[in-house]
Amino acid sequence: MFRLDPAFLATSDVLASLALCEARLQLDARFPWIVLIPRLESVVELEDLTEEQGAMLLSEIGAASEAVRRIGAALGRPVEKLNVGQLGNITRQLHVHVVGRRPDDPCWPRPVWGQGVAEAYDPEALERAKAAARLALAA
């Protein structure tokens with residue numbers, strides 16, 4: 001049975017249930033950022049996926065990429081570069097980060113992981129970000 005690692009509950013908010021993954025908005029207003037978590041039991045590495053699941057994940061990364069771009073546009077900070085990463089050094093459950101970057105973001109050009117302190121969304125910006133992402137993910 002699939003169980004979401006509690007770390008995701010503390011740092012992200014649900015956006016959509018896709019064919020394979022739960023899509024979640026990372027609650028760090030510094031970046032448009034979606035985390036995809038396959039709803040599969042005991043998967044840690046990409047190699048744990050079947051070929052079909054891997055293809056589905058790649059398709060959902062594409063959808064999340066469009067959603068991240070729409071979040072950036074909705075917040076007045078258009079995305080100039082996408083970073084896609086699957087790390088899992090801290091939270092082992094298989095997940096993929098899709099992060100929108102700009103040369104004026106606080107971590108540019110370094111990776112976002114472990115850099116600075118997450119900034120909370122103000123309520124209105126959070127709703128705009130979630131609405132923009134959900135619209136893209138529903139397409």
# chains A, B, ... in the order shown; residues from 1 in each chain; ligands from 1
>>> select_by_dssp(residues="chain A", states="strand (DSSP E)", output="PyMOL selection string")
chain A and resi 12-17+21-26+33-38+81-85+96-101
>>> write_last_selection(atoms="N, CA, C and O atoms", output="JSON list (two decimals), in the first residue's frame")
[["chain", "number", "residue", "atom", "x", "y", "z"],
["A", 12, "SER", "N", 5.04, 20.47, 1.48],
["A", 12, "SER", "CA", 4.36, 20.63, 0.21],
["A", 12, "SER", "C", 2.85, 20.49, 0.39],
["A", 12, "SER", "O", 2.38, 20.03, 1.43],
["A", 13, "ASP", "N", 2.12, 20.88, -0.65],
["A", 13, "ASP", "CA", 0.65, 20.82, -0.62],
["A", 13, "ASP", "C", 0.18, 20.12, -1.89],
["A", 13, "ASP", "O", 0.72, 20.35, -2.98],
["A", 14, "VAL", "N", -0.82, 19.27, -1.76],
["A", 14, "VAL", "CA", -1.30, 18.48, -2.88],
["A", 14, "VAL", "C", -1.88, 19.37, -3.98],
["A", 14, "VAL", "O", -2.57, 20.35, -3.70],
["A", 15, "LEU", "N", -1.55, 19.02, -5.22],
["A", 15, "LEU", "CA", -2.10, 19.71, -6.39],
["A", 15, "LEU", "C", -3.04, 18.80, -7.17],
["A", 15, "LEU", "O", -4.13, 19.19, -7.53],
["A", 16, "ALA", "N", -2.56, 17.59, -7.47],
["A", 16, "ALA", "CA", -3.34, 16.70, -8.33],
["A", 16, "ALA", "C", -2.87, 15.27, -8.18],
["A", 16, "ALA", "O", -1.72, 15.01, -7.82],
["A", 17, "SER", "N", -3.76, 14.37, -8.50],
["A", 17, "SER", "CA", -3.43, 12.96, -8.58],
["A", 17, "SER", "C", -3.36, 12.61, -10.06],
["A", 17, "SER", "O", -4.38, 12.60, -10.75],
["A", 21, "CYS", "N", 1.65, 9.58, -10.46],
["A", 21, "CYS", "CA", 2.19, 10.35, -9.34],
["A", 21, "CYS", "C", 1.17, 11.24, -8.65],
["A", 21, "CYS", "O", 0.19, 11.67, -9.26],
["A", 22, "GLU", "N", 1.48, 11.53, -7.40],
["A", 22, "GLU", "CA", 0.84, 12.63, -6.71],
["A", 22, "GLU", "C", 1.71, 13.84, -7.01],
["A", 22, "GLU", "O", 2.93, 13.80, -6.82],
["A", 23, "ALA", "N", 1.09, 14.90, -7.51],
["A", 23, "ALA", "CA", 1.80, 16.15, -7.78],
["A", 23, "ALA", "C", 1.56, 17.09, -6.62],
["A", 23, "ALA", "O", 0.41, 17.31, -6.22],
["A", 24, "ARG", "N", 2.65, 17.63, -6.08],
["A", 24, "ARG", "CA", 2.56, 18.50, -4.90],
["A", 24, "ARG", "C", 3.34, 19.79, -5.14],
["A", 24, "ARG", "O", 4.42, 19.77, -5.73],
["A", 25, "LEU", "N", 2.79, 20.90, -4.69],
["A", 25, "LEU", "CA", 3.47, 22.19, -4.75],
["A", 25, "LEU", "C", 4.41, 22.29, -3.56],
["A", 25, "LEU", "O", 3.99, 22.16, -2.41],
["A", 26, "GLN", "N", 5.69, 22.49, -3.84],
["A", 26, "GLN", "CA", 6.66, 22.70, -2.77],
["A", 26, "GLN", "C", 6.37, 24.06, -2.16],
["A", 26, "GLN", "O", 6.25, 25.06, -2.88],
["A", 33, "TRP", "N", 7.74, 25.34, -7.96],
["A", 33, "TRP", "CA", 8.38, 24.06, -7.68],
["A", 33, "TRP", "C", 7.33, 22.99, -7.43],
["A", 33, "TRP", "O", 6.49, 23.14, -6.54],
["A", 34, "ILE", "N", 7.38, 21.95, -8.21],
["A", 34, "ILE", "CA", 6.47, 20.81, -8.06],
["A", 34, "ILE", "C", 7.28, 19.56, -7.77],
["A", 34, "ILE", "O", 8.34, 19.35, -8.36],
["A", 35, "VAL", "N", 6.77, 18.75, -6.86],
["A", 35, "VAL", "CA", 7.36, 17.45, -6.56],
["A", 35, "VAL", "C", 6.38, 16.37, -7.02],
["A", 35, "VAL", "O", 5.18, 16.44, -6.71],
["A", 36, "LEU", "N", 6.89, 15.42, -7.78],
["A", 36, "LEU", "CA", 6.10, 14.28, -8.25],
["A", 36, "LEU", "C", 6.50, 13.05, -7.44],
["A", 36, "LEU", "O", 7.68, 12.72, -7.39],
["A", 37, "ILE", "N", 5.52, 12.39, -6.85],
["A", 37, "ILE", "CA", 5.79, 11.20, -6.04],
["A", 37, "ILE", "C", 4.96, 10.04, -6.59],
["A", 37, "ILE", "O", 3.73, 10.07, -6.51],
["A", 38, "PRO", "N", 5.62, 9.05, -7.20],
["A", 38, "PRO", "CA", 4.86, 7.90, -7.70],
["A", 38, "PRO", "C", 4.10, 7.23, -6.55],
["A", 38, "PRO", "O", 4.64, 7.00, -5.48],
["A", 81, "LYS", "N", 14.56, 28.76, -16.90],
["A", 81, "LYS", "CA", 15.26, 27.47, -16.97],
["A", 81, "LYS", "C", 14.57, 26.50, -16.03],
["A", 81, "LYS", "O", 14.20, 26.86, -14.92],
["A", 82, "LEU", "N", 14.38, 25.28, -16.49],
["A", 82, "LEU", "CA", 13.81, 24.23, -15.65],
["A", 82, "LEU", "C", 14.92, 23.35, -15.10],
["A", 82, "LEU", "O", 15.83, 22.96, -15.83],
["A", 83, "ASN", "N", 14.84, 23.04, -13.82],
["A", 83, "ASN", "CA", 15.73, 22.04, -13.21],
["A", 83, "ASN", "C", 14.85, 20.86, -12.84],
["A", 83, "ASN", "O", 13.82, 21.02, -12.19],
["A", 84, "VAL", "N", 15.26, 19.68, -13.25],
["A", 84, "VAL", "CA", 14.55, 18.45, -12.91],
["A", 84, "VAL", "C", 15.55, 17.55, -12.20],
["A", 84, "VAL", "O", 16.64, 17.30, -12.72],
["A", 85, "GLY", "N", 15.19, 17.12, -10.98],
["A", 85, "GLY", "CA", 16.12, 16.31, -10.21],
["A", 85, "GLY", "C", 15.44, 15.22, -9.42],
["A", 85, "GLY", "O", 14.35, 15.40, -8.90],
["A", 96, "VAL", "N", 10.47, 13.19, -7.76],
["A", 96, "VAL", "CA", 11.17, 14.01, -8.75],
["A", 96, "VAL", "C", 10.78, 15.46, -8.53],
["A", 96, "VAL", "O", 9.60, 15.79, -8.44],
["A", 97, "HIS", "N", 11.80, 16.32, -8.45],
["A", 97, "HIS", "CA", 11.59, 17.76, -8.31],
["A", 97, "HIS", "C", 11.60, 18.40, -9.69],
["A", 97, "HIS", "O", 12.48, 18.11, -10.51],
["A", 98, "VAL", "N", 10.66, 19.30, -9.93],
["A", 98, "VAL", "CA", 10.64, 20.12, -11.14],
["A", 98, "VAL", "C", 10.61, 21.57, -10.65],
["A", 98, "VAL", "O", 9.62, 22.00, -10.04],
["A", 99, "VAL", "N", 11.71, 22.29, -10.87],
["A", 99, "VAL", "CA", 11.89, 23.61, -10.29],
["A", 99, "VAL", "C", 12.11, 24.64, -11.39],
["A", 99, "VAL", "O", 12.96, 24.45, -12.26],
["A", 100, "GLY", "N", 11.36, 25.73, -11.31],
["A", 100, "GLY", "CA", 11.55, 26.84, -12.24],
["A", 100, "GLY", "C", 12.62, 27.78, -11.72],
["A", 100, "GLY", "O", 12.57, 28.20, -10.57],
["A", 101, "ARG", "N", 13.56, 28.12, -12.59],
["A", 101, "ARG", "CA", 14.68, 28.98, -12.18],
["A", 101, "ARG", "C", 14.75, 30.23, -13.04],
["A", 101, "ARG", "O", 14.28, 30.27, -14.17]]
>>> closest_atom_pairs(of="stretch 21-99 of chain A", to="stretch 117-125 of chain A", cutoff="10 Å", atoms="only C-alpha atoms", output="Markdown table")
| residue | atom | partner | partner_atom | distance |
| --- | --- | --- | --- | --- |
| A:Gln26 | CA | A:Ala118 | CA | 9.5 |
| A:Leu27 | CA | A:Ala120 | CA | 6.3 |
| A:Asp28 | CA | A:Ala118 | CA | 4.8 |
| A:Ala29 | CA | A:Tyr121 | CA | 5.0 |
| A:Arg30 | CA | A:Glu119 | CA | 6.2 |
| A:Phe31 | CA | A:Glu119 | CA | 9.3 |
| A:Ile71 | CA | A:Ala125 | CA | 9.6 |
| A:Ala74 | CA | A:Ala125 | CA | 8.5 |
| A:Leu75 | CA | A:Ala125 | CA | 6.8 |
>>> write_last_selection(atoms="C-alpha atoms", output="PDB file, in the first residue's frame")
ATOM      1  CA  GLN A  26       6.660  22.697  -2.766  1.00  0.00           C
ATOM      2  CA  LEU A  27       5.871  25.355  -0.174  1.00  0.00           C
ATOM      3  CA  ASP A  28       8.816  27.617  -0.924  1.00  0.00           C
ATOM      4  CA  ALA A  29       7.697  30.855  -2.541  1.00  0.00           C
ATOM      5  CA  ARG A  30      11.217  31.569  -3.785  1.00  0.00           C
ATOM      6  CA  PHE A  31      10.684  29.132  -6.683  1.00  0.00           C
ATOM      7  CA  ILE A  71       3.107  29.105 -11.758  1.00  0.00           C
ATOM      8  CA  ALA A  74       0.965  33.633 -12.575  1.00  0.00           C
ATOM      9  CA  LEU A  75       3.343  35.052  -9.964  1.00  0.00           C
TER      10      LEU A  75
END
>>> atom_distance(atom1="atom CA of A:Arg77", atom2="atom CA of A:Ala129")
11.3 Å
>>> residues_around(residues="A:Ala138", least_positions_apart="5", cutoff="12 Å", atoms="only C-alpha atoms", output="list in words")
Leu15, Ala16, Ser17, Leu18, Ala19, Ala23, Glu60, Ala63, Ala64, Glu66, Ala67, Lys130, Ala131, Ala132 and Ala133 of chain A
>>> write_last_selection(atoms="N, CA and C atoms", output="PDB file, in the first residue's frame")
ATOM      1  N   LEU A  15      -1.552  19.020  -5.220  1.00  0.00           N
ATOM      2  CA  LEU A  15      -2.095  19.705  -6.388  1.00  0.00           C
ATOM      3  C   LEU A  15      -3.038  18.801  -7.168  1.00  0.00           C
ATOM      4  N   ALA A  16      -2.563  17.586  -7.467  1.00  0.00           N
ATOM      5  CA  ALA A  16      -3.344  16.697  -8.328  1.00  0.00           C
ATOM      6  C   ALA A  16      -2.871  15.267  -8.178  1.00  0.00           C
ATOM      7  N   SER A  17      -3.761  14.368  -8.501  1.00  0.00           N
ATOM      8  CA  SER A  17      -3.426  12.955  -8.579  1.00  0.00           C
ATOM      9  C   SER A  17      -3.356  12.612 -10.063  1.00  0.00           C
ATOM     10  N   LEU A  18      -2.144  12.386 -10.549  1.00  0.00           N
ATOM     11  CA  LEU A  18      -1.935  12.049 -11.959  1.00  0.00           C
ATOM     12  C   LEU A  18      -2.009  10.534 -12.123  1.00  0.00           C
ATOM     13  N   ALA A  19      -1.818  10.034 -13.309  1.00  0.00           N
ATOM     14  CA  ALA A  19      -1.933   8.595 -13.555  1.00  0.00           C
ATOM     15  C   ALA A  19      -0.973   7.791 -12.678  1.00  0.00           C
ATOM     16  N   ALA A  23       1.090  14.903  -7.508  1.00  0.00           N
ATOM     17  CA  ALA A  23       1.803  16.152  -7.784  1.00  0.00           C
ATOM     18  C   ALA A  23       1.557  17.087  -6.617  1.00  0.00           C
ATOM     19  N   GLU A  60       4.683  12.667 -17.074  1.00  0.00           N
ATOM     20  CA  GLU A  60       4.202  13.515 -15.991  1.00  0.00           C
ATOM     21  C   GLU A  60       5.217  14.602 -15.632  1.00  0.00           C
ATOM     22  N   ALA A  63       4.327  17.328 -17.972  1.00  0.00           N
ATOM     23  CA  ALA A  63       3.150  18.070 -17.509  1.00  0.00           C
ATOM     24  C   ALA A  63       3.511  18.980 -16.337  1.00  0.00           C
ATOM     25  N   ALA A  64       4.318  18.477 -15.412  1.00  0.00           N
ATOM     26  CA  ALA A  64       4.739  19.293 -14.268  1.00  0.00           C
ATOM     27  C   ALA A  64       5.605  20.464 -14.724  1.00  0.00           C
ATOM     28  N   GLU A  66       5.297  22.145 -17.533  1.00  0.00           N
ATOM     29  CA  GLU A  66       4.364  23.171 -18.011  1.00  0.00           C
ATOM     30  C   GLU A  66       3.677  23.844 -16.825  1.00  0.00           C
ATOM     31  N   ALA A  67       3.310  23.068 -15.809  1.00  0.00           N
ATOM     32  CA  ALA A  67       2.659  23.634 -14.632  1.00  0.00           C
ATOM     33  C   ALA A  67       3.594  24.597 -13.898  1.00  0.00           C
ATOM     34  N   LYS A 130      -1.381  27.563  -7.037  1.00  0.00           N
ATOM     35  CA  LYS A 130      -2.083  26.282  -7.095  1.00  0.00           C
ATOM     36  C   LYS A 130      -3.076  26.236  -8.253  1.00  0.00           C
ATOM     37  N   ALA A 131      -3.792  27.324  -8.485  1.00  0.00           N
ATOM     38  CA  ALA A 131      -4.762  27.372  -9.590  1.00  0.00           C
ATOM     39  C   ALA A 131      -4.055  27.230 -10.937  1.00  0.00           C
ATOM     40  N   ALA A 132      -2.946  27.926 -11.107  1.00  0.00           N
ATOM     41  CA  ALA A 132      -2.197  27.858 -12.370  1.00  0.00           C
ATOM     42  C   ALA A 132      -1.673  26.445 -12.596  1.00  0.00           C
ATOM     43  N   ALA A 133      -1.130  25.836 -11.547  1.00  0.00           N
ATOM     44  CA  ALA A 133      -0.599  24.476 -11.674  1.00  0.00           C
ATOM     45  C   ALA A 133      -1.697  23.480 -11.984  1.00  0.00           C
TER      46      ALA A 133
END
>>> atom_distance(atom1="atom CA of A:Phe2", atom2="atom CA of A:Gln86")
18.8 Å
>>> closest_residue(among="A:His95, A:Glu47, A:Gly54, A:Asn89", to="A:Gly114", atoms="only C-alpha atoms")
A:Asn89
>>> atom_distance(atom1="atom CA of A:Gly72", atom2="atom CA of A:Val112")
15.8 Å
>>> closest_residue(among="A:Ala136, A:Pro109, A:Gln93, A:Gly116", to="A:Ala7", atoms="only C-alpha atoms")
A:Gln93
>>> residues_around(residues="A:Asp5", least_positions_apart="4", cutoff="12 Å", atoms="only C-alpha atoms", output="mmCIF file with C-alpha atoms, in the first residue's frame")
data_model
loop_
_atom_site.group_PDB
_atom_site.id
_atom_site.type_symbol
_atom_site.label_atom_id
_atom_site.label_comp_id
_atom_site.auth_asym_id
_atom_site.auth_seq_id
_atom_site.Cartn_x
_atom_site.Cartn_y
_atom_site.Cartn_z
ATOM 1 C CA LEU A 9 3.250 16.627 4.181
ATOM 2 C CA ALA A 10 5.331 19.191 6.050
ATOM 3 C CA THR A 11 6.922 20.852 3.008
ATOM 4 C CA SER A 12 4.356 20.632 0.207
ATOM 5 C CA GLU A 22 0.842 12.628 -6.711
ATOM 6 C CA ILE A 37 5.791 11.202 -6.036
ATOM 7 C CA PRO A 38 4.857 7.899 -7.697
ATOM 8 C CA ARG A 39 2.000 6.276 -5.811
ATOM 9 C CA LEU A 40 3.808 2.941 -5.612
ATOM 10 C CA GLU A 41 4.807 0.942 -2.577
ATOM 11 C CA SER A 42 8.487 0.726 -1.617
ATOM 12 C CA VAL A 43 10.043 2.456 -4.639
ATOM 13 C CA VAL A 44 13.306 4.257 -3.966
ATOM 14 C CA GLY A 88 16.428 11.071 -2.465
ATOM 15 C CA ILE A 90 17.193 12.833 2.669
ATOM 16 C CA THR A 91 13.726 11.514 1.775
ATOM 17 C CA ARG A 92 14.298 8.072 0.260
ATOM 18 C CA GLN A 93 10.820 7.615 -1.228
ATOM 19 C CA LEU A 94 11.134 8.023 -5.005
ATOM 20 C CA HIS A 95 10.241 11.555 -6.016
#
>>> select_by_dssp(residues="chain A", states="alpha helix (DSSP H)", output="PyMOL selection string")
chain A and resi 6-11+51-74+123-138
>>> write_last_selection(atoms="C-alpha atoms", output="mmCIF file, in the first residue's frame")
data_model
loop_
_atom_site.group_PDB
_atom_site.id
_atom_site.type_symbol
_atom_site.label_atom_id
_atom_site.label_comp_id
_atom_site.auth_asym_id
_atom_site.auth_seq_id
_atom_site.Cartn_x
_atom_site.Cartn_y
_atom_site.Cartn_z
ATOM 1 C CA PRO A 6 5.553 12.527 6.236
ATOM 2 C CA ALA A 7 8.341 14.867 5.099
ATOM 3 C CA PHE A 8 6.257 15.734 2.026
ATOM 4 C CA LEU A 9 3.250 16.627 4.181
ATOM 5 C CA ALA A 10 5.331 19.191 6.050
ATOM 6 C CA THR A 11 6.922 20.852 3.008
ATOM 7 C CA GLU A 51 9.479 0.451 -18.357
ATOM 8 C CA GLU A 52 5.834 1.493 -18.612
ATOM 9 C CA GLN A 53 5.964 3.315 -15.266
ATOM 10 C CA GLY A 54 9.172 5.063 -16.316
ATOM 11 C CA ALA A 55 7.528 6.291 -19.518
ATOM 12 C CA MET A 56 4.533 7.499 -17.529
ATOM 13 C CA LEU A 57 6.829 9.340 -15.103
ATOM 14 C CA LEU A 58 8.600 11.055 -17.981
ATOM 15 C CA SER A 59 5.250 12.175 -19.387
ATOM 16 C CA GLU A 60 4.202 13.515 -15.991
ATOM 17 C CA ILE A 61 7.506 15.394 -15.667
ATOM 18 C CA GLY A 62 6.551 17.121 -18.924
ATOM 19 C CA ALA A 63 3.150 18.070 -17.509
ATOM 20 C CA ALA A 64 4.739 19.293 -14.268
ATOM 21 C CA SER A 65 7.226 21.349 -16.294
ATOM 22 C CA GLU A 66 4.364 23.171 -18.011
ATOM 23 C CA ALA A 67 2.659 23.634 -14.632
ATOM 24 C CA VAL A 68 5.844 25.128 -13.140
ATOM 25 C CA ARG A 69 6.066 27.561 -16.059
ATOM 26 C CA ARG A 70 2.443 28.577 -15.472
ATOM 27 C CA ILE A 71 3.107 29.105 -11.758
ATOM 28 C CA GLY A 72 6.005 31.417 -12.616
ATOM 29 C CA ALA A 73 3.857 33.375 -15.070
ATOM 30 C CA ALA A 74 0.965 33.633 -12.575
ATOM 31 C CA PRO A 123 -2.258 33.221 0.953
ATOM 32 C CA GLU A 124 -3.222 35.007 -2.275
ATOM 33 C CA ALA A 125 -0.029 33.991 -4.102
ATOM 34 C CA LEU A 126 -0.448 30.423 -2.900
ATOM 35 C CA GLU A 127 -3.943 30.235 -4.374
ATOM 36 C CA ARG A 128 -2.747 31.748 -7.687
ATOM 37 C CA ALA A 129 0.138 29.268 -7.854
ATOM 38 C CA LYS A 130 -2.083 26.282 -7.095
ATOM 39 C CA ALA A 131 -4.762 27.372 -9.590
ATOM 40 C CA ALA A 132 -2.197 27.858 -12.370
ATOM 41 C CA ALA A 133 -0.599 24.476 -11.674
ATOM 42 C CA ARG A 134 -3.891 22.614 -11.484
ATOM 43 C CA LEU A 135 -5.027 24.112 -14.788
ATOM 44 C CA ALA A 136 -1.862 22.863 -16.507
ATOM 45 C CA LEU A 137 -1.969 19.437 -14.838
ATOM 46 C CA ALA A 138 -5.591 18.916 -15.858
#
